[in-house]
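This is model-v3.txt. It holds compact mmCIF, C-alpha atoms (C1' of nucleotides).
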```txt
# COMPACT_ATOMS: atom_id res chain seq x y z
CA MET A 43 0.00 0.00 0.00
CA GLN A 44 1.29 3.42 -0.92
CA THR A 45 2.11 5.82 1.87
CA GLU A 46 -0.46 8.54 2.13
CA LEU A 47 0.49 11.99 0.97
CA PRO A 48 1.10 14.60 3.66
CA PRO A 49 -1.96 16.60 4.72
CA ARG A 50 -1.03 19.72 2.83
CA GLU A 51 -0.87 17.82 -0.46
CA ARG A 52 -4.10 16.00 0.25
CA ILE A 53 -5.82 19.33 0.92
CA LEU A 54 -4.50 20.84 -2.29
CA ASP A 55 -5.49 17.80 -4.32
CA ALA A 56 -9.01 17.84 -2.93
CA ALA A 57 -9.31 21.60 -3.39
CA TYR A 58 -8.14 21.28 -6.97
CA GLU A 59 -10.75 18.72 -7.88
CA LEU A 60 -13.59 20.45 -6.08
CA PHE A 61 -12.86 24.05 -7.03
CA SER A 62 -12.08 23.30 -10.66
CA GLN A 63 -15.23 21.25 -11.11
CA ARG A 64 -17.74 23.15 -9.03
CA GLY A 65 -16.40 26.66 -8.49
CA ILE A 66 -15.53 28.46 -5.28
CA ARG A 67 -18.72 29.42 -3.50
CA ASP A 68 -20.38 26.08 -4.07
CA VAL A 69 -17.63 24.24 -2.20
CA GLY A 70 -17.31 24.68 1.55
CA VAL A 71 -14.14 24.07 3.51
CA GLU A 72 -15.86 21.15 5.21
CA GLU A 73 -16.18 19.36 1.89
CA VAL A 74 -12.49 19.90 1.24
CA MET A 75 -11.76 18.47 4.68
CA VAL A 76 -13.84 15.35 4.12
CA ARG A 77 -12.33 14.61 0.72
CA SER A 78 -8.79 15.14 1.92
CA ARG A 79 -9.41 13.26 5.19
CA VAL A 80 -8.03 16.13 7.20
CA ALA A 81 -9.22 17.84 10.36
CA LYS A 82 -10.40 21.39 10.29
CA ALA A 83 -7.60 22.60 12.52
CA THR A 84 -5.09 21.02 10.17
CA LEU A 85 -6.55 22.78 7.17
CA TYR A 86 -6.48 26.12 8.95
CA ARG A 87 -2.95 25.49 10.14
CA HIS A 88 -1.77 25.24 6.54
CA PHE A 89 -4.04 27.89 5.06
CA PRO A 90 -5.12 30.87 7.14
CA SER A 91 -8.42 31.27 5.29
CA LYS A 92 -10.50 29.83 2.51
CA ASP A 93 -9.37 32.64 0.23
CA ALA A 94 -5.76 31.65 0.84
CA LEU A 95 -6.64 28.09 -0.09
CA VAL A 96 -8.28 29.31 -3.28
CA LEU A 97 -5.17 31.33 -4.12
CA ALA A 98 -3.09 28.19 -3.71
CA PHE A 99 -5.56 26.37 -5.94
CA LEU A 100 -5.18 29.03 -8.64
CA ALA A 101 -1.40 28.74 -8.48
CA ARG A 102 -1.66 24.96 -8.86
CA ARG A 103 -4.11 25.44 -11.72
CA GLU A 104 -1.52 27.52 -13.54
CA GLN A 105 1.08 24.82 -13.04
CA ARG A 106 -1.12 21.94 -14.14
CA TRP A 107 -3.38 23.55 -16.71
CA THR A 108 -1.74 26.64 -18.16
CA LEU A 109 1.80 25.33 -18.17
CA GLY A 110 1.35 21.57 -18.00
CA MET A 111 -1.54 20.92 -20.30
CA VAL A 112 -1.89 23.93 -22.56
CA GLU A 113 1.58 25.29 -23.14
CA ALA A 114 3.53 22.06 -22.93
CA GLY A 115 0.88 20.23 -24.97
CA ALA A 116 1.02 22.77 -27.76
CA ARG A 117 4.81 22.90 -27.80
CA ASP A 118 4.96 19.13 -28.05
CA ARG A 119 2.56 18.90 -30.95
CA GLY A 120 3.90 21.54 -33.31
CA ARG A 121 7.24 21.62 -35.10
CA THR A 122 7.17 25.19 -36.36
CA PRO A 123 6.18 28.17 -34.20
CA GLU A 124 2.98 28.66 -36.19
CA GLU A 125 2.09 25.01 -35.80
CA ARG A 126 2.61 25.32 -32.08
CA LEU A 127 0.24 28.26 -31.93
CA LEU A 128 -2.43 26.39 -33.84
CA ALA A 129 -1.82 23.30 -31.74
CA LEU A 130 -3.19 25.22 -28.78
CA PHE A 131 -6.60 24.55 -30.26
CA ASP A 132 -5.78 20.89 -30.83
CA VAL A 133 -5.13 20.67 -27.11
CA PHE A 134 -8.41 22.46 -26.51
CA ASP A 135 -10.22 20.12 -28.87
CA GLU A 136 -9.09 17.11 -26.92
CA TRP A 137 -9.88 18.88 -23.66
CA PHE A 138 -13.38 19.88 -24.78
CA HIS A 139 -14.17 16.26 -25.60
CA ARG A 140 -13.17 14.95 -22.20
CA ASP A 141 -16.09 14.17 -19.96
CA ASP A 142 -14.44 15.89 -17.03
CA PHE A 143 -14.08 19.14 -18.96
CA ASP A 144 -14.30 21.86 -16.35
CA GLY A 145 -13.77 25.16 -18.14
CA CYS A 146 -11.17 27.80 -17.43
CA SER A 147 -10.90 28.22 -13.67
CA PHE A 148 -9.45 31.70 -14.05
CA VAL A 149 -12.46 32.90 -16.03
CA ASN A 150 -14.80 31.05 -13.70
CA VAL A 151 -13.32 32.60 -10.57
CA LEU A 152 -13.15 36.04 -12.16
CA LEU A 153 -16.83 35.96 -13.05
CA GLU A 154 -17.81 34.39 -9.75
CA MET A 155 -15.91 36.88 -7.60
CA ARG A 156 -15.82 39.91 -9.91
CA TRP A 157 -13.34 42.66 -10.34
CA GLY A 158 -12.15 44.14 -7.10
CA HIS A 159 -12.19 40.94 -5.09
CA PRO A 160 -8.66 39.66 -4.45
CA LEU A 161 -9.47 36.35 -6.10
CA GLY A 162 -10.80 38.17 -9.15
CA ARG A 163 -7.62 40.21 -9.29
CA ALA A 164 -5.50 37.10 -9.04
CA SER A 165 -7.47 35.46 -11.83
CA ILE A 166 -6.91 38.47 -14.08
CA GLN A 167 -3.19 38.10 -13.47
CA TYR A 168 -3.22 34.41 -14.37
CA LEU A 169 -5.14 35.23 -17.55
CA GLU A 170 -2.53 37.84 -18.39
CA ASN A 171 0.11 35.14 -17.93
CA ILE A 172 -1.68 33.06 -20.55
CA ARG A 173 -1.57 35.97 -22.96
CA ALA A 174 2.14 36.33 -22.26
CA ILE A 175 2.66 32.74 -23.40
CA VAL A 176 0.74 33.40 -26.59
CA ARG A 177 2.69 36.59 -27.15
CA SER A 178 5.95 34.77 -26.75
CA MET A 179 4.86 32.09 -29.22
CA ALA A 180 3.83 34.81 -31.65
CA GLU A 181 7.25 36.39 -31.36
CA GLU A 182 8.88 33.05 -32.08
CA ALA A 183 6.70 32.85 -35.16
CA GLY A 184 7.92 36.25 -36.29
CA LEU A 185 4.45 37.78 -36.31
CA ARG A 186 3.97 41.49 -36.01
CA ASP A 187 2.02 43.39 -33.40
CA THR A 188 2.27 40.49 -31.00
CA ASP A 189 0.48 42.17 -28.11
CA SER A 190 -2.60 42.87 -30.14
CA PHE A 191 -2.28 39.42 -31.68
CA ALA A 192 -2.20 37.77 -28.28
CA ARG A 193 -5.26 39.69 -27.11
CA SER A 194 -7.21 38.66 -30.19
CA TRP A 195 -6.01 35.10 -29.87
CA HIS A 196 -7.07 35.04 -26.26
CA ILE A 197 -10.56 36.13 -27.29
CA LEU A 198 -10.75 33.00 -29.41
CA MET A 199 -9.48 30.84 -26.57
CA LYS A 200 -11.90 32.17 -23.98
CA GLY A 201 -14.84 32.32 -26.36
CA SER A 202 -14.36 28.71 -27.39
CA ILE A 203 -14.12 27.61 -23.76
CA ILE A 204 -17.45 29.25 -22.97
CA SER A 205 -18.99 27.63 -26.03
CA ALA A 206 -17.68 24.27 -24.88
CA ALA A 207 -19.23 24.89 -21.48
CA GLU A 208 -22.52 25.44 -23.26
CA GLY A 209 -22.15 22.07 -24.90
CA ASP A 210 -20.45 22.74 -28.25
CA ALA A 211 -17.57 20.28 -28.06
CA ASP A 212 -16.40 21.31 -31.54
CA ALA A 213 -15.82 24.91 -30.54
CA ALA A 214 -12.05 24.45 -30.70
CA ARG A 215 -12.18 23.65 -34.42
CA ARG A 216 -14.21 26.75 -35.14
CA ALA A 217 -11.80 28.87 -33.12
CA GLN A 218 -8.85 27.29 -34.87
CA ALA A 219 -10.21 28.28 -38.28
CA MET A 220 -10.49 31.89 -37.15
CA ALA A 221 -7.05 31.61 -35.57
CA ARG A 222 -5.55 30.66 -38.93
CA ALA A 223 -6.97 33.79 -40.48
CA LEU A 224 -5.62 35.83 -37.58
CA ILE A 225 -2.12 34.47 -38.15
CA GLU A 226 -2.46 35.31 -41.81
CA GLN A 227 -3.23 38.92 -40.94
CA HIS A 228 -0.26 39.21 -38.63
CA ARG A 229 2.39 37.89 -41.00
CA ARG A 230 5.19 40.17 -41.97
CA PRO A 231 5.39 42.18 -44.03
CA GLN A 232 2.30 44.30 -43.64
CA SER A 233 -0.29 42.85 -45.99
CA MET B 31 -44.56 63.41 -7.60
CA GLN B 32 -44.73 60.32 -9.73
CA THR B 33 -46.79 57.41 -8.48
CA GLU B 34 -44.61 54.57 -7.28
CA LEU B 35 -44.39 51.48 -9.42
CA PRO B 36 -46.31 48.44 -8.21
CA PRO B 37 -44.31 46.09 -5.95
CA ARG B 38 -43.71 43.46 -8.60
CA GLU B 39 -42.05 45.98 -10.89
CA ARG B 40 -39.99 47.42 -8.06
CA ILE B 41 -38.79 43.91 -7.19
CA LEU B 42 -37.84 43.15 -10.78
CA ASP B 43 -36.05 46.46 -11.17
CA ALA B 44 -34.03 45.91 -8.02
CA ALA B 45 -33.29 42.31 -8.94
CA TYR B 46 -32.13 43.39 -12.38
CA GLU B 47 -29.66 45.91 -11.05
CA LEU B 48 -28.32 43.67 -8.31
CA PHE B 49 -28.12 40.38 -10.21
CA SER B 50 -26.66 41.88 -13.37
CA GLN B 51 -23.98 43.78 -11.47
CA ARG B 52 -23.07 41.33 -8.72
CA GLY B 53 -24.24 37.88 -9.77
CA ILE B 54 -26.71 35.55 -8.13
CA ARG B 55 -25.11 34.04 -5.06
CA ASP B 56 -23.68 37.32 -3.88
CA VAL B 57 -27.12 38.91 -3.63
CA GLY B 58 -29.55 37.76 -0.97
CA VAL B 59 -33.30 38.18 -1.18
CA GLU B 60 -33.14 40.58 1.75
CA GLU B 61 -31.03 42.96 -0.30
CA VAL B 62 -33.57 42.82 -3.09
CA MET B 63 -36.29 43.60 -0.55
CA VAL B 64 -34.50 46.62 0.87
CA ARG B 65 -33.73 48.10 -2.53
CA SER B 66 -37.26 47.60 -3.80
CA ARG B 67 -38.82 48.74 -0.50
CA VAL B 68 -40.92 45.62 -0.33
CA ALA B 69 -41.73 43.23 2.49
CA LYS B 70 -40.50 39.68 2.44
CA ALA B 71 -44.01 38.25 2.26
CA THR B 72 -44.72 40.45 -0.75
CA LEU B 73 -41.64 39.21 -2.57
CA TYR B 74 -42.55 35.62 -1.87
CA ARG B 75 -46.14 36.20 -2.95
CA HIS B 76 -44.96 37.27 -6.40
CA PHE B 77 -42.08 34.82 -6.71
CA PRO B 78 -42.25 31.41 -5.05
CA SER B 79 -38.48 31.19 -4.58
CA LYS B 80 -35.26 33.02 -5.24
CA ASP B 81 -34.65 30.79 -8.24
CA ALA B 82 -37.99 31.86 -9.70
CA LEU B 83 -36.95 35.48 -9.21
CA VAL B 84 -33.67 34.81 -10.99
CA LEU B 85 -35.56 33.20 -13.88
CA ALA B 86 -37.68 36.33 -14.15
CA PHE B 87 -34.50 38.38 -14.11
CA LEU B 88 -33.05 36.34 -16.97
CA ALA B 89 -36.22 36.84 -19.00
CA ARG B 90 -36.02 40.58 -18.41
CA ARG B 91 -32.34 40.53 -19.31
CA GLU B 92 -33.22 39.02 -22.67
CA GLN B 93 -35.78 41.72 -23.29
CA ARG B 94 -33.55 44.62 -22.29
CA TRP B 95 -30.11 43.40 -23.27
CA THR B 96 -30.38 40.76 -26.01
CA LEU B 97 -33.33 42.27 -27.83
CA GLY B 98 -33.32 45.89 -26.69
CA MET B 99 -29.67 46.79 -26.67
CA VAL B 100 -27.86 44.27 -28.85
CA GLU B 101 -30.24 43.27 -31.61
CA ALA B 102 -32.15 46.53 -31.94
CA GLY B 103 -28.94 48.53 -31.63
CA ALA B 104 -27.25 46.61 -34.40
CA ARG B 105 -30.28 46.72 -36.69
CA ASP B 106 -30.50 50.47 -36.24
CA ARG B 107 -26.88 51.11 -37.06
CA GLY B 108 -26.40 49.07 -40.22
CA ARG B 109 -28.06 49.55 -43.58
CA THR B 110 -27.01 46.31 -45.26
CA PRO B 111 -27.28 42.91 -43.57
CA GLU B 112 -23.51 42.63 -43.36
CA GLU B 113 -23.26 46.05 -41.80
CA ARG B 114 -25.83 45.06 -39.25
CA LEU B 115 -23.81 42.00 -38.32
CA LEU B 116 -20.66 44.03 -37.88
CA ALA B 117 -22.59 46.70 -36.00
CA LEU B 118 -23.08 44.14 -33.23
CA PHE B 119 -19.50 44.87 -32.26
CA ASP B 120 -20.06 48.62 -32.48
CA VAL B 121 -22.79 48.16 -29.90
CA PHE B 122 -20.38 46.07 -27.84
CA ASP B 123 -17.67 48.70 -28.18
CA GLU B 124 -19.94 51.34 -26.72
CA TRP B 125 -21.08 48.91 -24.03
CA PHE B 126 -17.54 47.93 -23.06
CA HIS B 127 -16.66 51.57 -22.52
CA ARG B 128 -19.54 52.27 -20.17
CA ASP B 129 -18.54 52.39 -16.53
CA ASP B 130 -21.49 50.23 -15.54
CA PHE B 131 -20.43 47.44 -17.91
CA ASP B 132 -21.62 44.27 -16.27
CA GLY B 133 -20.78 41.43 -18.63
CA CYS B 134 -23.13 38.86 -20.13
CA SER B 135 -25.52 37.74 -17.42
CA PHE B 136 -26.23 34.50 -19.25
CA VAL B 137 -22.57 33.52 -19.28
CA ASN B 138 -22.17 34.71 -15.70
CA VAL B 139 -25.11 32.69 -14.42
CA LEU B 140 -24.09 29.64 -16.44
CA LEU B 141 -20.60 29.66 -14.98
CA GLU B 142 -21.87 30.48 -11.50
CA MET B 143 -24.51 27.73 -11.43
CA ARG B 144 -23.03 25.22 -13.88
CA TRP B 145 -24.61 22.80 -16.22
CA GLY B 146 -27.38 20.80 -14.65
CA HIS B 147 -28.72 23.51 -12.43
CA PRO B 148 -32.03 24.88 -13.74
CA LEU B 149 -30.60 28.39 -13.90
CA GLY B 150 -27.64 27.12 -15.88
CA ARG B 151 -29.98 25.35 -18.27
CA ALA B 152 -32.04 28.49 -18.70
CA SER B 153 -28.91 30.52 -19.40
CA ILE B 154 -27.85 28.06 -22.09
CA GLN B 155 -31.23 28.55 -23.73
CA TYR B 156 -30.92 32.32 -23.69
CA LEU B 157 -27.45 32.01 -25.21
CA GLU B 158 -28.90 29.79 -27.92
CA ASN B 159 -31.47 32.53 -28.58
CA ILE B 160 -28.62 34.96 -29.18
CA ARG B 161 -27.11 32.59 -31.72
CA ALA B 162 -30.50 32.34 -33.42
CA ILE B 163 -30.48 36.10 -33.91
CA VAL B 164 -27.00 35.97 -35.41
CA ARG B 165 -28.05 33.07 -37.62
CA SER B 166 -31.05 34.97 -38.87
CA MET B 167 -28.90 38.01 -39.64
CA ALA B 168 -26.47 35.77 -41.49
CA GLU B 169 -29.30 34.38 -43.58
CA GLU B 170 -30.40 37.89 -44.44
CA ALA B 171 -26.85 38.55 -45.55
CA GLY B 172 -26.95 35.52 -47.81
CA LEU B 173 -24.04 33.81 -46.10
CA ARG B 174 -23.58 30.08 -46.32
CA ASP B 175 -23.43 27.58 -43.47
CA THR B 176 -25.21 29.99 -41.19
CA ASP B 177 -25.36 27.66 -38.19
CA SER B 178 -21.62 27.17 -38.11
CA PHE B 179 -21.20 30.87 -38.85
CA ALA B 180 -23.37 31.83 -35.88
CA ARG B 181 -21.47 29.53 -33.56
CA SER B 182 -18.14 31.01 -34.62
CA TRP B 183 -19.54 34.51 -34.39
CA HIS B 184 -20.79 33.79 -30.91
CA ILE B 185 -17.30 32.70 -29.89
CA LEU B 186 -16.11 36.18 -30.83
CA MET B 187 -18.94 37.82 -28.92
CA LYS B 188 -18.42 35.85 -25.72
CA GLY B 189 -14.64 35.99 -25.89
CA SER B 190 -14.65 39.73 -26.28
CA ILE B 191 -17.05 40.12 -23.35
CA ILE B 192 -14.70 38.15 -21.11
CA SER B 193 -11.78 40.24 -22.28
CA ALA B 194 -13.73 43.38 -21.49
CA ALA B 195 -14.45 42.00 -18.03
CA GLU B 196 -10.70 41.58 -17.61
CA GLY B 197 -10.24 45.22 -18.44
CA ASP B 198 -9.63 45.35 -22.19
CA ALA B 199 -12.22 47.92 -23.24
CA ASP B 200 -11.05 47.65 -26.87
CA ALA B 201 -11.88 43.98 -27.15
CA ALA B 202 -14.85 44.70 -29.39
CA ARG B 203 -12.64 46.20 -32.09
CA ARG B 204 -10.36 43.18 -32.07
CA ALA B 205 -13.34 40.87 -32.31
CA GLN B 206 -14.80 42.95 -35.12
CA ALA B 207 -11.65 42.56 -37.17
CA MET B 208 -11.85 38.78 -36.83
CA ALA B 209 -15.57 38.97 -37.56
CA ARG B 210 -14.88 40.65 -40.89
CA ALA B 211 -12.62 37.80 -41.88
CA LEU B 212 -15.28 35.32 -40.81
CA ILE B 213 -17.87 37.00 -43.05
CA GLU B 214 -15.38 36.85 -45.89
CA GLN B 215 -15.04 33.11 -45.46
CA HIS B 216 -18.77 32.54 -45.44
CA ARG B 217 -19.59 34.48 -48.59
CA ARG B 218 -21.15 32.59 -51.46
CA PRO B 219 -19.97 31.05 -53.61
CA GLN B 220 -17.52 28.71 -51.88
CA SER B 221 -14.18 30.43 -51.96
C1' DG C 253 -73.30 57.73 1.10
C1' DG C 254 -71.53 55.11 4.73
C1' DA C 255 -70.27 50.54 6.78
C1' DG C 256 -68.03 46.37 6.25
C1' DG C 257 -64.82 43.16 4.51
C1' DG C 258 -61.25 41.24 1.85
C1' DA C 259 -56.96 41.70 -0.66
C1' DG C 260 -52.39 43.52 -0.80
C1' DT C 261 -48.65 45.36 1.61
C1' DA C 262 -44.98 46.84 5.18
C1' DA C 263 -42.30 45.47 9.00
C1' DG C 264 -40.10 42.17 11.15
C1' DA C 265 -39.81 37.95 14.26
C1' DC C 266 -38.64 33.43 13.60
C1' DC C 267 -36.87 28.70 11.94
C1' DG C 268 -33.75 25.49 10.23
C1' DG C 269 -29.81 25.12 7.73
C1' DT C 270 -25.05 26.36 6.10
C1' DC C 271 -21.03 28.97 6.07
C1' DT C 272 -16.20 30.31 7.81
C1' DG C 273 -13.28 30.11 11.43
C1' DT C 274 -11.86 28.96 16.53
C1' DC C 275 -11.28 25.93 20.13
C1' DT C 276 -10.95 21.61 22.90
C1' DC C 277 -9.67 16.93 23.50
C1' DC C 278 -7.39 13.00 22.40
C1' DT C 279 -4.15 10.01 19.78
C1' DA C 280 0.14 8.77 17.48
C1' DC C 281 4.62 9.27 16.40
C1' DC C 282 9.31 11.00 16.47
C1' DG D 95 7.40 14.64 25.82
C1' DG D 96 6.45 17.74 22.35
C1' DT D 97 4.47 18.39 17.95
C1' DA D 98 1.30 17.29 14.23
C1' DG D 99 -2.85 15.60 13.22
C1' DG D 100 -7.85 13.50 13.63
C1' DA D 101 -12.50 14.25 15.32
C1' DG D 102 -15.72 17.26 16.33
C1' DA D 103 -18.07 20.83 19.32
C1' DC D 104 -18.86 25.51 19.15
C1' DA D 105 -19.50 30.52 17.88
C1' DG D 106 -21.21 34.04 15.10
C1' DA D 107 -22.96 35.37 10.94
C1' DC D 108 -25.89 34.84 7.12
C1' DC D 109 -29.04 32.48 4.08
C1' DG D 110 -33.75 31.23 2.09
C1' DG D 111 -38.22 30.78 3.37
C1' DT D 112 -42.48 30.95 6.63
C1' DC D 113 -45.40 33.27 9.49
C1' DT D 114 -47.59 37.01 12.42
C1' DT D 115 -49.28 41.56 13.04
C1' DA D 116 -50.97 45.81 11.77
C1' DC D 117 -52.31 49.07 8.37
C1' DT D 118 -54.36 50.92 4.03
C1' DC D 119 -57.00 50.90 0.17
C1' DC D 120 -60.77 49.65 -2.62
C1' DC D 121 -64.87 47.21 -3.78
C1' DT D 122 -69.39 45.96 -2.50
C1' DC D 123 -73.65 46.06 -0.55
C1' DC D 124 -77.05 47.96 2.22
```

Please go through the file and, once you have read it, give me the structure as structure tokens.
Amino acid sequence: MQTELPPRERILDAAYELFSQRGIRDVGVEEVMVRSRVAKATLYRHFPSKDALVLAFLARREQRWTLGMVEAGARDRGRTPEERLLALFDVFDEWFHRDDFDGCSFVNVLLEMRWGHPLGRASIQYLENIRAIVRSMAEEAGLRDTDSFARSWHILMKGSIISAAEGDADAARRAQAMARALIEQHRRPQS
Amino acid sequence: MQTELPPRERILDAAYELFSQRGIRDVGVEEVMVRSRVAKATLYRHFPSKDALVLAFLARREQRWTLGMVEAGARDRGRTPEERLLALFDVFDEWFHRDDFDGCSFVNVLLEMRWGHPLGRASIQYLENIRAIVRSMAEEAGLRDTDSFARSWHILMKGSIISAAEGDADAARRAQAMARALIEQHRRPQS
DNA sequence: GGAGGGAGTAAGACCGGTCTGTCTCCTACC
DNA sequence: GGTAGGAGACAGACCGGTCTTACTCCCTCC
């Protein structure tokens, strides 16, 4: 039998599953405790408040989702920089078809908590980090106006995620088609 | 002095402001009561539950926002069918720059309540209604594959709304540029 | 026209449940 | 034996929803 993970890891694992699938307000700390088989005092020893736990969840989400699944997945699939950009939507396509598809936690938390709330602010920062990855890929591809490109690209990413949440599992393919046109319009030299 | 609106209207007005600006879970029925200057029994006489009140809010949101602001606004601004489609993002541009910009309530409620919950289901239906408007405009414009067109177009709409919620007030212009390319690709005959 | 009654409303007490967060008590292990 | 952790009671706040009380208005009927 495997040795059980230390309490802090169990808490973070449980929080990740619950928060990513069901959102923040719908999940109480007690549910996190039960799933991680941890006492309340232990949870509050490691995290001073629920908000702090959510912040830790968002950081883990960036590691696993933004960096692990999205960025690394796209970089693995494409050979050229442009292929890697487009592969972002291949990763999304596979993600949208998974039955445990859970949407973008950063968007979810932002809309659940709104601007102004610390968790909303943090989510905005993590979304900006995603745009930075796109921008860097666009620079590798030699595109022009990479900041504007990344913002437009991000519109396609977020819009397709919402559509997938509505039930359109093919939203990534539609977004990818528009993404191709966007690349075309950002090729040097000025068209 | 103007005569006060009947209680039901006062309740719906208060619910509209509160729910559209702050979401569902963050607003308690007591806050709706206070703002509408209505007693609790009165609220529960007109609406059997908070969920029923939220459903009424969503219906009013469709009337005011989907039909009143978005569709009517776009139809007023454009002369040709294609201009009317693109004018959707002119309406968005103005909306994004308003200081009381509140995002798309249907997306907000869907992400707050999730699939499965009756309010999430209702939101998905109202989002489908938006796509039906886009589809009908696309048919007027003589575009081909109008269902797929409307789904792609909707990705641009929702993505730009999320970007605006993040703080990018110019998201509508970026989406409009991609929208132009999308129209181009859906012109008859097959390009 | 005046009395009576019923419907609608305001104000708010109240109930059961849930939430976050604190605290106590006990066990196990190093 | 001291520290970390499990189990859970507890506090204080808030939630949705029910119910009571008192008042006002309007319709009706004599």

Cut-off 7 Å: closest chain B/chain A atom pairs per residue, using only C-alpha atoms, as a Markdown table:
```
| residue | atom | partner | partner_atom | distance |
| --- | --- | --- | --- | --- |
| B:Asn138 | CA | A:Leu153 | CA | 6.1 |
| B:Leu141 | CA | A:Asn150 | CA | 6.1 |
| B:Glu142 | CA | A:Glu154 | CA | 5.9 |
| B:Ile154 | CA | A:Glu208 | CA | 6.1 |
| B:Ser182 | CA | A:Arg216 | CA | 5.8 |
| B:Ile185 | CA | A:Gly201 | CA | 4.3 |
| B:Leu186 | CA | A:Gly201 | CA | 6.0 |
| B:Lys188 | CA | A:Gly201 | CA | 5.1 |
| B:Gly189 | CA | A:Gly201 | CA | 3.7 |
| B:Ser190 | CA | A:Ile197 | CA | 5.5 |
| B:Ser193 | CA | A:Ile197 | CA | 6.6 |
| B:Glu196 | CA | A:Ile166 | CA | 6.0 |
| B:Arg204 | CA | A:Ser194 | CA | 5.8 |
| B:Ala205 | CA | A:Ser194 | CA | 6.9 |
| B:Met208 | CA | A:Leu224 | CA | 6.9 |
| B:Leu212 | CA | A:Met220 | CA | 6.9 |
```

Practice problem: Between B:Tyr74, B:Tyr156, B:Trp95, B:Phe49, single out the one closest to chain D, counting all atoms listed in the file. | Solution: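 Counting all atoms listed in the file, the residue closest to chain D is B:Tyr74.
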
Exercise. Find, counting all atoms listed in the file, the residue in B:Asp130, B:Glu214, B:Glu113, B:Asp177 that gets nearest to B:Val164.
Key: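 The closest residue to B:Val164 is B:Asp177.
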
Quiz item: In Å to one decimal, how far is atom CA of A:His159 from atom CA of A:Arg87?
Solution: 23.6 Å

Quiz item: Of the candidates B:Thr110, B:Ser79, B:Ser66, B:Ser50, which shows the shortest atom-to-atom distance to chain D, using only C-alpha atoms (C1' of nucleotides)?
Solution: B:Ser79

Practice problem: Could you please determine the separation between atom CA of B:Ala152 and atom CA of B:Gly58 in Å, to one decimal place? | Solution: 20.2 Å

Could you give me, as a tab-separated table, a per-residue list for chain D showing, wherever an atom lies at most 8 Å from an atom of chain A, the closest pair of atoms and their distance in Å to one decimal, using all atoms listed in the file and sorting by chain then residue number from low to high?
```
residue	atom	partner	partner_atom	distance
D:DG99	C1'	A:Thr84	CA	6.6
D:DG100	C1'	A:Ala81	CA	5.6
D:DA101	C1'	A:Ala81	CA	6.9
```

Please check the contacts: residues of chain C at most 12 Å away from chain A, using all atoms listed in the file, listed as a compact mmCIF listing (two decimals) with C-alpha atoms (C1' of nucleotides), in the coordinates of the input.
```txt
# COMPACT_ATOMS: atom_id res chain seq x y z
C1' DT C 270 -25.05 26.36 6.10
C1' DC C 271 -21.03 28.97 6.07
C1' DT C 272 -16.20 30.31 7.81
C1' DG C 273 -13.28 30.11 11.43
C1' DT C 274 -11.86 28.96 16.53
C1' DC C 275 -11.28 25.93 20.13
C1' DT C 276 -10.95 21.61 22.90
```

Fix up stretch 110-120 of chain A with N, CA and C atoms, then write it as a compact mmCIF listing (two decimals), keeping the file's coordinate frame.
```
# COMPACT_ATOMS: atom_id res chain seq x y z
N GLY A 110 1.24 23.01 -17.74
CA GLY A 110 1.35 21.57 -18.00
C GLY A 110 0.55 21.12 -19.19
N MET A 111 -0.72 21.43 -19.21
CA MET A 111 -1.54 20.92 -20.30
C MET A 111 -1.47 21.80 -21.54
N VAL A 112 -1.73 23.08 -21.39
CA VAL A 112 -1.89 23.93 -22.56
C VAL A 112 -0.55 24.22 -23.23
N GLU A 113 0.33 24.87 -22.50
CA GLU A 113 1.58 25.29 -23.14
C GLU A 113 2.43 24.08 -23.56
N ALA A 114 2.68 23.20 -22.61
CA ALA A 114 3.53 22.06 -22.93
C ALA A 114 2.89 21.21 -24.03
N GLY A 115 1.56 21.02 -23.95
CA GLY A 115 0.88 20.23 -24.97
C GLY A 115 1.03 20.83 -26.35
N ALA A 116 0.90 22.13 -26.44
CA ALA A 116 1.02 22.77 -27.76
C ALA A 116 2.45 22.71 -28.26
N ARG A 117 3.41 22.91 -27.36
CA ARG A 117 4.81 22.90 -27.80
C ARG A 117 5.22 21.50 -28.25
N ASP A 118 4.63 20.49 -27.65
CA ASP A 118 4.96 19.13 -28.05
C ASP A 118 4.40 18.79 -29.43
N ARG A 119 3.23 19.32 -29.73
CA ARG A 119 2.56 18.90 -30.95
C ARG A 119 3.07 19.56 -32.21
N GLY A 120 3.52 20.81 -32.10
CA GLY A 120 3.90 21.54 -33.31
C GLY A 120 5.40 21.56 -33.53
```
